[in-house]
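Structure below is my_file_1.tsv: TSV, C-alpha atoms and all ligand atoms.
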chain	number	residue	atom	x	y	z
A	1	MET	CA	127.26	58.23	-43.74
A	2	THR	CA	128.47	57.76	-40.15
A	3	PHE	CA	126.98	58.97	-36.84
A	4	ASP	CA	128.60	59.36	-33.42
A	5	GLN	CA	126.45	56.48	-32.19
A	6	THR	CA	124.18	53.92	-33.80
A	7	VAL	CA	122.15	50.79	-33.04
A	8	PHE	CA	122.24	49.72	-36.70
A	9	TYR	CA	123.89	46.36	-37.46
A	10	PRO	CA	126.30	46.43	-40.42
A	11	ARG	CA	126.00	43.56	-42.89
A	12	GLY	CA	128.25	40.66	-41.89
A	13	GLY	CA	128.45	36.99	-40.97
A	14	GLY	CA	125.64	36.19	-43.40
A	15	GLN	CA	123.27	38.64	-41.71
A	16	PRO	CA	121.91	41.58	-43.75
A	17	GLY	CA	122.59	45.17	-42.72
A	18	ASP	CA	119.83	47.03	-40.89
A	19	THR	CA	117.44	49.41	-42.64
A	20	GLY	CA	115.26	52.19	-41.25
A	21	THR	CA	114.86	55.96	-41.29
A	22	ILE	CA	116.54	59.14	-40.03
A	23	ALA	CA	114.15	61.52	-38.26
A	24	ARG	CA	115.32	65.16	-38.59
A	25	SER	CA	114.47	68.07	-36.30
A	26	ASP	CA	112.34	69.70	-39.05
A	27	GLU	CA	110.19	66.52	-38.91
A	28	SER	CA	111.28	65.34	-42.35
A	29	SER	CA	112.86	61.94	-42.70
A	30	LEU	CA	115.34	60.07	-44.89
A	31	GLY	CA	115.57	56.38	-45.68
A	32	ILE	CA	118.48	54.20	-44.49
A	33	LEU	CA	118.63	51.57	-47.24
A	34	ASP	CA	121.47	49.43	-45.85
A	35	THR	CA	124.21	49.39	-43.23
A	36	VAL	CA	127.73	48.17	-44.00
A	37	HIS	CA	131.20	48.09	-42.45
A	38	GLY	CA	133.49	50.98	-43.39
A	39	GLY	CA	137.21	50.94	-42.61
A	40	ASN	CA	138.55	51.33	-39.05
A	41	GLY	CA	135.49	49.84	-37.36
A	42	GLU	CA	133.17	52.49	-38.82
A	43	VAL	CA	129.49	51.70	-39.38
A	44	LEU	CA	128.36	53.18	-42.70
A	45	HIS	CA	124.67	53.98	-43.22
A	46	VAL	CA	123.60	53.95	-46.87
A	47	ILE	CA	121.15	56.85	-47.19
A	48	SER	CA	118.87	58.07	-49.93
A	49	GLY	CA	119.15	61.84	-50.50
A	50	ALA	CA	121.81	62.48	-47.82
A	51	GLU	CA	122.96	65.76	-49.42
A	52	GLY	CA	120.60	67.81	-47.19
A	53	LEU	CA	122.27	66.57	-43.98
A	54	CYS	CA	125.08	68.60	-42.42
A	55	ILE	CA	127.84	67.76	-39.94
A	56	GLY	CA	126.73	68.39	-36.36
A	57	GLU	CA	123.03	68.07	-37.09
A	58	GLU	CA	121.17	66.15	-34.39
A	59	VAL	CA	119.06	63.31	-35.78
A	60	GLU	CA	117.28	60.21	-34.53
A	61	LEU	CA	117.92	56.85	-36.16
A	62	CYS	CA	114.86	54.62	-36.30
A	63	LEU	CA	115.44	50.93	-36.91
A	64	ASP	CA	113.07	48.81	-39.01
A	65	TRP	CA	112.52	46.70	-35.90
A	66	LYS	CA	110.17	44.15	-37.44
A	67	ARG	CA	112.81	43.18	-40.02
A	68	ARG	CA	115.70	43.27	-37.53
A	69	TYR	CA	113.79	41.18	-34.98
A	70	ALA	CA	113.18	38.54	-37.67
A	71	HIS	CA	116.95	38.55	-38.34
A	72	MET	CA	117.61	38.09	-34.59
A	73	ARG	CA	115.21	35.15	-34.41
A	74	MET	CA	116.65	33.60	-37.59
A	75	HIS	CA	120.25	34.13	-36.52
A	76	THR	CA	119.62	32.45	-33.16
A	77	ALA	CA	117.79	29.64	-34.98
A	78	LEU	CA	120.93	28.99	-37.06
A	79	HIS	CA	122.91	28.48	-33.84
A	80	LEU	CA	120.37	25.80	-32.91
A	81	LEU	CA	120.65	24.27	-36.40
A	82	GLY	CA	124.44	24.15	-36.01
A	83	ALA	CA	123.98	22.36	-32.69
A	84	VAL	CA	121.50	19.83	-34.09
A	85	VAL	CA	123.62	19.06	-37.18
A	86	PRO	CA	127.12	18.52	-35.70
A	87	PHE	CA	129.25	19.05	-38.83
A	88	GLY	CA	131.50	21.87	-39.97
A	89	VAL	CA	129.65	24.91	-41.33
A	90	THR	CA	130.95	26.04	-44.74
A	91	GLY	CA	128.51	28.86	-45.50
A	92	GLY	CA	125.24	30.45	-44.61
A	93	ASN	CA	122.76	33.20	-45.23
A	94	ILE	CA	120.09	34.97	-43.16
A	95	SER	CA	116.99	36.81	-44.29
A	96	ALA	CA	113.76	37.70	-42.54
A	97	ALA	CA	111.79	35.05	-44.44
A	98	ARG	CA	114.24	32.15	-44.79
A	99	SER	CA	117.79	31.24	-43.85
A	100	ARG	CA	120.25	28.48	-44.59
A	101	LEU	CA	123.48	26.82	-43.49
A	102	ASP	CA	125.82	24.66	-45.57
A	103	PHE	CA	127.36	21.69	-43.80
A	104	ASP	CA	130.50	19.78	-44.69
A	105	MET	CA	128.87	16.34	-44.67
A	106	GLN	CA	128.01	13.42	-46.95
A	107	GLU	CA	125.23	11.91	-44.85
A	108	SER	CA	121.59	12.51	-45.72
A	109	LEU	CA	119.39	14.46	-43.32
A	110	ASP	CA	115.78	13.86	-42.36
A	111	LYS	CA	113.91	17.19	-42.64
A	112	ASP	CA	111.21	16.27	-40.16
A	113	GLN	CA	113.65	14.92	-37.62
A	114	VAL	CA	115.78	18.10	-37.74
A	115	THR	CA	112.58	20.19	-37.50
A	116	SER	CA	111.48	18.42	-34.34
A	117	LEU	CA	114.95	18.64	-32.74
A	118	LEU	CA	114.99	22.40	-33.47
A	119	ASN	CA	111.53	22.95	-32.01
A	120	ALA	CA	112.47	20.98	-28.89
A	121	LEU	CA	115.35	23.43	-28.31
A	122	VAL	CA	112.99	26.38	-28.93
A	123	SER	CA	110.43	25.01	-26.45
A	124	ALA	CA	113.13	24.34	-23.84
A	125	ASP	CA	113.47	28.15	-23.58
A	126	HIS	CA	117.28	28.12	-23.21
A	127	PRO	CA	118.89	31.47	-22.32
A	128	VAL	CA	121.10	33.04	-25.03
A	129	ILE	CA	124.11	34.74	-23.46
A	130	SER	CA	126.95	36.82	-24.92
A	131	ARG	CA	130.29	37.52	-23.25
A	132	TRP	CA	133.80	38.52	-24.31
A	133	ILE	CA	136.86	36.33	-24.86
A	134	THR	CA	140.47	37.36	-25.60
A	135	GLN	CA	142.37	36.15	-28.68
A	136	ALA	CA	144.66	34.12	-26.36
A	137	GLU	CA	141.67	32.38	-24.74
A	138	LEU	CA	140.23	31.60	-28.18
A	139	ALA	CA	143.58	30.29	-29.46
A	140	ALA	CA	143.63	27.88	-26.51
A	141	ARG	CA	140.18	26.57	-27.48
A	142	PRO	CA	140.18	26.11	-31.29
A	143	GLU	CA	137.20	23.74	-31.02
A	144	LEU	CA	135.00	26.82	-30.49
A	145	VAL	CA	135.30	27.83	-34.14
A	146	ARG	CA	132.72	25.74	-36.02
A	147	THR	CA	132.41	27.89	-39.10
A	148	MET	CA	135.00	26.91	-41.69
A	149	SER	CA	134.20	29.70	-44.15
A	150	VAL	CA	134.39	32.68	-41.78
A	151	ARG	CA	137.36	32.93	-39.42
A	152	PRO	CA	136.94	35.27	-36.44
A	153	PRO	CA	138.71	38.63	-36.96
A	154	GLN	CA	142.42	38.50	-35.98
A	155	GLN	CA	143.06	42.21	-35.59
A	156	VAL	CA	140.81	42.83	-32.58
A	157	GLU	CA	141.89	42.18	-28.96
A	158	ARG	CA	138.71	40.49	-27.84
A	159	LEU	CA	135.83	38.69	-29.48
A	160	ARG	CA	132.24	38.21	-28.52
A	161	LEU	CA	131.30	34.70	-27.54
A	162	LEU	CA	127.72	33.53	-27.95
A	163	GLU	CA	126.60	30.83	-25.55
A	164	ILE	CA	123.39	28.85	-25.34
A	165	PRO	CA	124.39	26.80	-22.29
A	166	GLY	CA	124.51	23.09	-23.04
A	167	VAL	CA	123.60	23.74	-26.70
A	168	ASP	CA	126.12	25.98	-28.48
A	169	LEU	CA	129.21	28.06	-27.74
A	170	GLN	CA	131.13	29.95	-30.43
A	171	PRO	CA	132.47	33.38	-31.37
A	172	CYS	CA	129.74	35.46	-33.03
A	173	GLY	CA	129.27	39.15	-33.68
A	174	GLY	CA	125.66	38.93	-34.91
A	175	THR	CA	122.37	39.81	-33.25
A	176	HIS	CA	120.36	37.29	-31.24
A	177	VAL	CA	117.21	37.01	-29.15
A	178	SER	CA	117.67	36.53	-25.39
A	179	ARG	CA	115.87	33.19	-25.03
A	180	THR	CA	115.30	30.40	-27.55
A	181	SER	CA	111.50	30.51	-27.05
A	182	GLU	CA	111.50	33.95	-28.73
A	183	ILE	CA	112.42	32.27	-32.03
A	184	GLY	CA	108.99	30.63	-32.27
A	185	CYS	CA	108.11	27.57	-34.32
A	186	LEU	CA	110.73	26.57	-36.92
A	187	LYS	CA	110.58	24.39	-39.99
A	188	VAL	CA	113.27	22.80	-42.16
A	189	SER	CA	111.81	23.62	-45.58
A	190	LYS	CA	114.43	21.93	-47.75
A	191	VAL	CA	117.67	19.93	-47.63
A	192	GLU	CA	119.72	20.23	-50.82
A	193	LYS	CA	122.69	18.16	-51.91
A	194	LYS	CA	125.24	20.71	-53.10
A	195	GLY	CA	128.17	18.55	-54.09
A	196	ARG	CA	129.47	15.30	-52.62
A	197	ARG	CA	130.42	16.80	-49.27
A	198	ASN	CA	127.90	19.59	-48.88
A	199	ARG	CA	124.33	19.62	-47.55
A	200	ARG	CA	122.40	22.90	-47.61
A	201	VAL	CA	119.69	23.13	-44.96
A	202	HIS	CA	116.97	25.79	-45.36
A	203	ILE	CA	114.79	26.91	-42.46
A	204	THR	CA	111.72	29.13	-42.22
A	205	LEU	CA	109.94	30.77	-39.28
A	206	ASP	CA	106.39	29.52	-38.90
B	1	ZN	ZN	125.34	34.39	-33.75
Please, can you express the file's structure as structure tokens?
Amino acid sequence: MTFDQTVFYPRGGGQPGDTGTIARSDESSLGILDTVHGGNGEVLHVISGAEGLCIGEEVELCLDWKRRYAHMRMHTALHLLGAVVPFGVTGGNISAARSRLDFDMQESLDKDQVTSLLNALVSADHPVISRWITQAELAARPELVRTMSVRPPQQVERLRLLEIPGVDLQPCGGTHVSRTSEIGCLKVSKVEKKGRRNRRVHITLD
């Protein structure tokens, strides 16, 4: 189901779609179980028992903020992880409890060392800034695209650039916190060897 406006994030870039509820004027509510991309830039809300809703009805969408905020903290943490481990990113996944990135690398990684580098960036309280860039500007700076598995969309005129000054700069359409200190204490829980040229790094929020 689509609405004329929404704050819900549709699943994408390894980040889950938002969940929450729809508050109706008769004070009943419906569950939003997931949010996904439809065609033509539409944001589709997956709803349980939507048959009672009619076109033109005014409703209020209520985000499961606790879950979304964990995704924002985790997503921003993965930008820090990408900065600390300077290799190509070949995959990744975000959830409220744990997240991971896959790196195109053969070297081994020291869990504790990566953990302390991450927490130093968190403590430094760097600002997290987003701004827009045109396709032409991005084409002139191919070094901005670190993620080898997900290319930025080609069909849109401009892309959102996520910058943590002095730490990370890359196109990203996900959700982030506004300062790195909001992430809180991080821990590298596991480093897995997934093939000769792949290291999978798992992180958790403390
Ligand atoms: Zn991002």
Name the closest residue to His71 in chain A among the candidates A:Pro165, A:Pro16, A:Gly56, A:Gly38; distances are taken between atoms, counting all atoms listed in the file.
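Selected residue with least distance to His71 in chain A: A:Pro16.
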Each chain A residue no farther than 10 Å from ligand ZN 1 (chain B), nearest pair in Å, only C-alpha atoms and all ligand atoms, as a Markdown table:
| residue | atom | partner | partner_atom | distance |
| --- | --- | --- | --- | --- |
| A:Gly13 | CA | B:ZN1 | ZN | 8.3 |
| A:Gly14 | CA | B:ZN1 | ZN | 9.8 |
| A:Gln15 | CA | B:ZN1 | ZN | 9.3 |
| A:Met72 | CA | B:ZN1 | ZN | 8.6 |
| A:Met74 | CA | B:ZN1 | ZN | 9.5 |
| A:His75 | CA | B:ZN1 | ZN | 5.8 |
| A:Thr76 | CA | B:ZN1 | ZN | 6.1 |
| A:Ala77 | CA | B:ZN1 | ZN | 9.0 |
| A:Leu78 | CA | B:ZN1 | ZN | 7.7 |
| A:His79 | CA | B:ZN1 | ZN | 6.4 |
| A:Leu80 | CA | B:ZN1 | ZN | 10.0 |
| A:Val128 | CA | B:ZN1 | ZN | 9.8 |
| A:Ser130 | CA | B:ZN1 | ZN | 9.3 |
| A:Arg160 | CA | B:ZN1 | ZN | 9.5 |
| A:Leu161 | CA | B:ZN1 | ZN | 8.6 |
| A:Leu162 | CA | B:ZN1 | ZN | 6.3 |
| A:Glu163 | CA | B:ZN1 | ZN | 9.0 |
| A:Asp168 | CA | B:ZN1 | ZN | 10.0 |
| A:Leu169 | CA | B:ZN1 | ZN | 9.5 |
| A:Gln170 | CA | B:ZN1 | ZN | 8.0 |
| A:Pro171 | CA | B:ZN1 | ZN | 7.6 |
| A:Cys172 | CA | B:ZN1 | ZN | 4.6 |
| A:Gly173 | CA | B:ZN1 | ZN | 6.2 |
| A:Gly174 | CA | B:ZN1 | ZN | 4.7 |
| A:Thr175 | CA | B:ZN1 | ZN | 6.2 |
| A:His176 | CA | B:ZN1 | ZN | 6.3 |
| A:Val177 | CA | B:ZN1 | ZN | 9.7 |
Which polymer residues, whether protein, DNA or RNA, lie within 10 Å of the coordinate (130.3, 19.9, -38.9) when you count all atoms listed in the file? List them as a PyMOL selection string, using the chain letters and numbers from the file.
chain A and resi 82-83+85-90+102-105+146-148
Excluding Arg11 in chain A and residues on its chain fewer than 2 positions from it, collect all residues at most 7 Å away from it, counting only C-alpha atoms, and give them as a PyMOL selection string.
chain A and resi 9+15-17+35-37
Taking (120.8, 31.8, -24.9) in the file's coordinates as the center, which residues reach within 6 Å of it, counting all atoms listed in the file, put as a list in words?
His126, Pro127, Val128, Ile129, Glu163, Ile164, Ser178 and Arg179 of chain A
Restore N, CA and C atoms in range 8-22 of chain A and list the result as a PDB file, in the coordinates of the input.
ATOM      1  N   PHE A   8     122.395  50.462 -35.451  1.00  0.00           N
ATOM      2  CA  PHE A   8     122.240  49.720 -36.700  1.00  0.00           C
ATOM      3  C   PHE A   8     123.351  48.678 -36.848  1.00  0.00           C
ATOM      4  N   TYR A   9     122.944  47.469 -37.266  1.00  0.00           N
ATOM      5  CA  TYR A   9     123.890  46.360 -37.460  1.00  0.00           C
ATOM      6  C   TYR A   9     124.413  46.386 -38.882  1.00  0.00           C
ATOM      7  N   PRO A  10     125.747  46.461 -39.056  1.00  0.00           N
ATOM      8  CA  PRO A  10     126.300  46.430 -40.420  1.00  0.00           C
ATOM      9  C   PRO A  10     126.361  44.998 -40.955  1.00  0.00           C
ATOM     10  N   ARG A  11     126.015  44.852 -42.216  1.00  0.00           N
ATOM     11  CA  ARG A  11     126.000  43.560 -42.890  1.00  0.00           C
ATOM     12  C   ARG A  11     127.257  42.742 -42.558  1.00  0.00           C
ATOM     13  N   GLY A  12     127.075  41.485 -42.211  1.00  0.00           N
ATOM     14  CA  GLY A  12     128.250  40.660 -41.890  1.00  0.00           C
ATOM     15  C   GLY A  12     127.844  39.327 -41.316  1.00  0.00           C
ATOM     16  N   GLY A  13     128.711  38.324 -41.499  1.00  0.00           N
ATOM     17  CA  GLY A  13     128.450  36.990 -40.970  1.00  0.00           C
ATOM     18  C   GLY A  13     127.188  36.365 -41.536  1.00  0.00           C
ATOM     19  N   GLY A  14     126.837  36.742 -42.768  1.00  0.00           N
ATOM     20  CA  GLY A  14     125.640  36.190 -43.400  1.00  0.00           C
ATOM     21  C   GLY A  14     124.364  36.919 -43.034  1.00  0.00           C
ATOM     22  N   GLN A  15     124.466  37.889 -42.120  1.00  0.00           N
ATOM     23  CA  GLN A  15     123.270  38.640 -41.710  1.00  0.00           C
ATOM     24  C   GLN A  15     123.205  39.977 -42.456  1.00  0.00           C
ATOM     25  N   PRO A  16     122.023  40.314 -43.017  1.00  0.00           N
ATOM     26  CA  PRO A  16     121.910  41.580 -43.750  1.00  0.00           C
ATOM     27  C   PRO A  16     122.098  42.796 -42.846  1.00  0.00           C
ATOM     28  N   GLY A  17     122.493  43.917 -43.456  1.00  0.00           N
ATOM     29  CA  GLY A  17     122.590  45.170 -42.720  1.00  0.00           C
ATOM     30  C   GLY A  17     121.203  45.706 -42.395  1.00  0.00           C
ATOM     31  N   ASP A  18     121.127  46.468 -41.289  1.00  0.00           N
ATOM     32  CA  ASP A  18     119.830  47.030 -40.890  1.00  0.00           C
ATOM     33  C   ASP A  18     119.371  48.133 -41.830  1.00  0.00           C
ATOM     34  N   THR A  19     118.055  48.318 -41.884  1.00  0.00           N
ATOM     35  CA  THR A  19     117.440  49.410 -42.640  1.00  0.00           C
ATOM     36  C   THR A  19     116.542  50.190 -41.675  1.00  0.00           C
ATOM     37  N   GLY A  20     116.127  51.387 -42.108  1.00  0.00           N
ATOM     38  CA  GLY A  20     115.260  52.190 -41.250  1.00  0.00           C
ATOM     39  C   GLY A  20     115.156  53.607 -41.777  1.00  0.00           C
ATOM     40  N   THR A  21     114.984  54.558 -40.874  1.00  0.00           N
ATOM     41  CA  THR A  21     114.860  55.960 -41.290  1.00  0.00           C
ATOM     42  C   THR A  21     115.657  56.870 -40.349  1.00  0.00           C
ATOM     43  N   ILE A  22     115.924  58.080 -40.839  1.00  0.00           N
ATOM     44  CA  ILE A  22     116.540  59.140 -40.030  1.00  0.00           C
ATOM     45  C   ILE A  22     115.464  60.200 -39.817  1.00  0.00           C
TER      46      ILE A  22
END
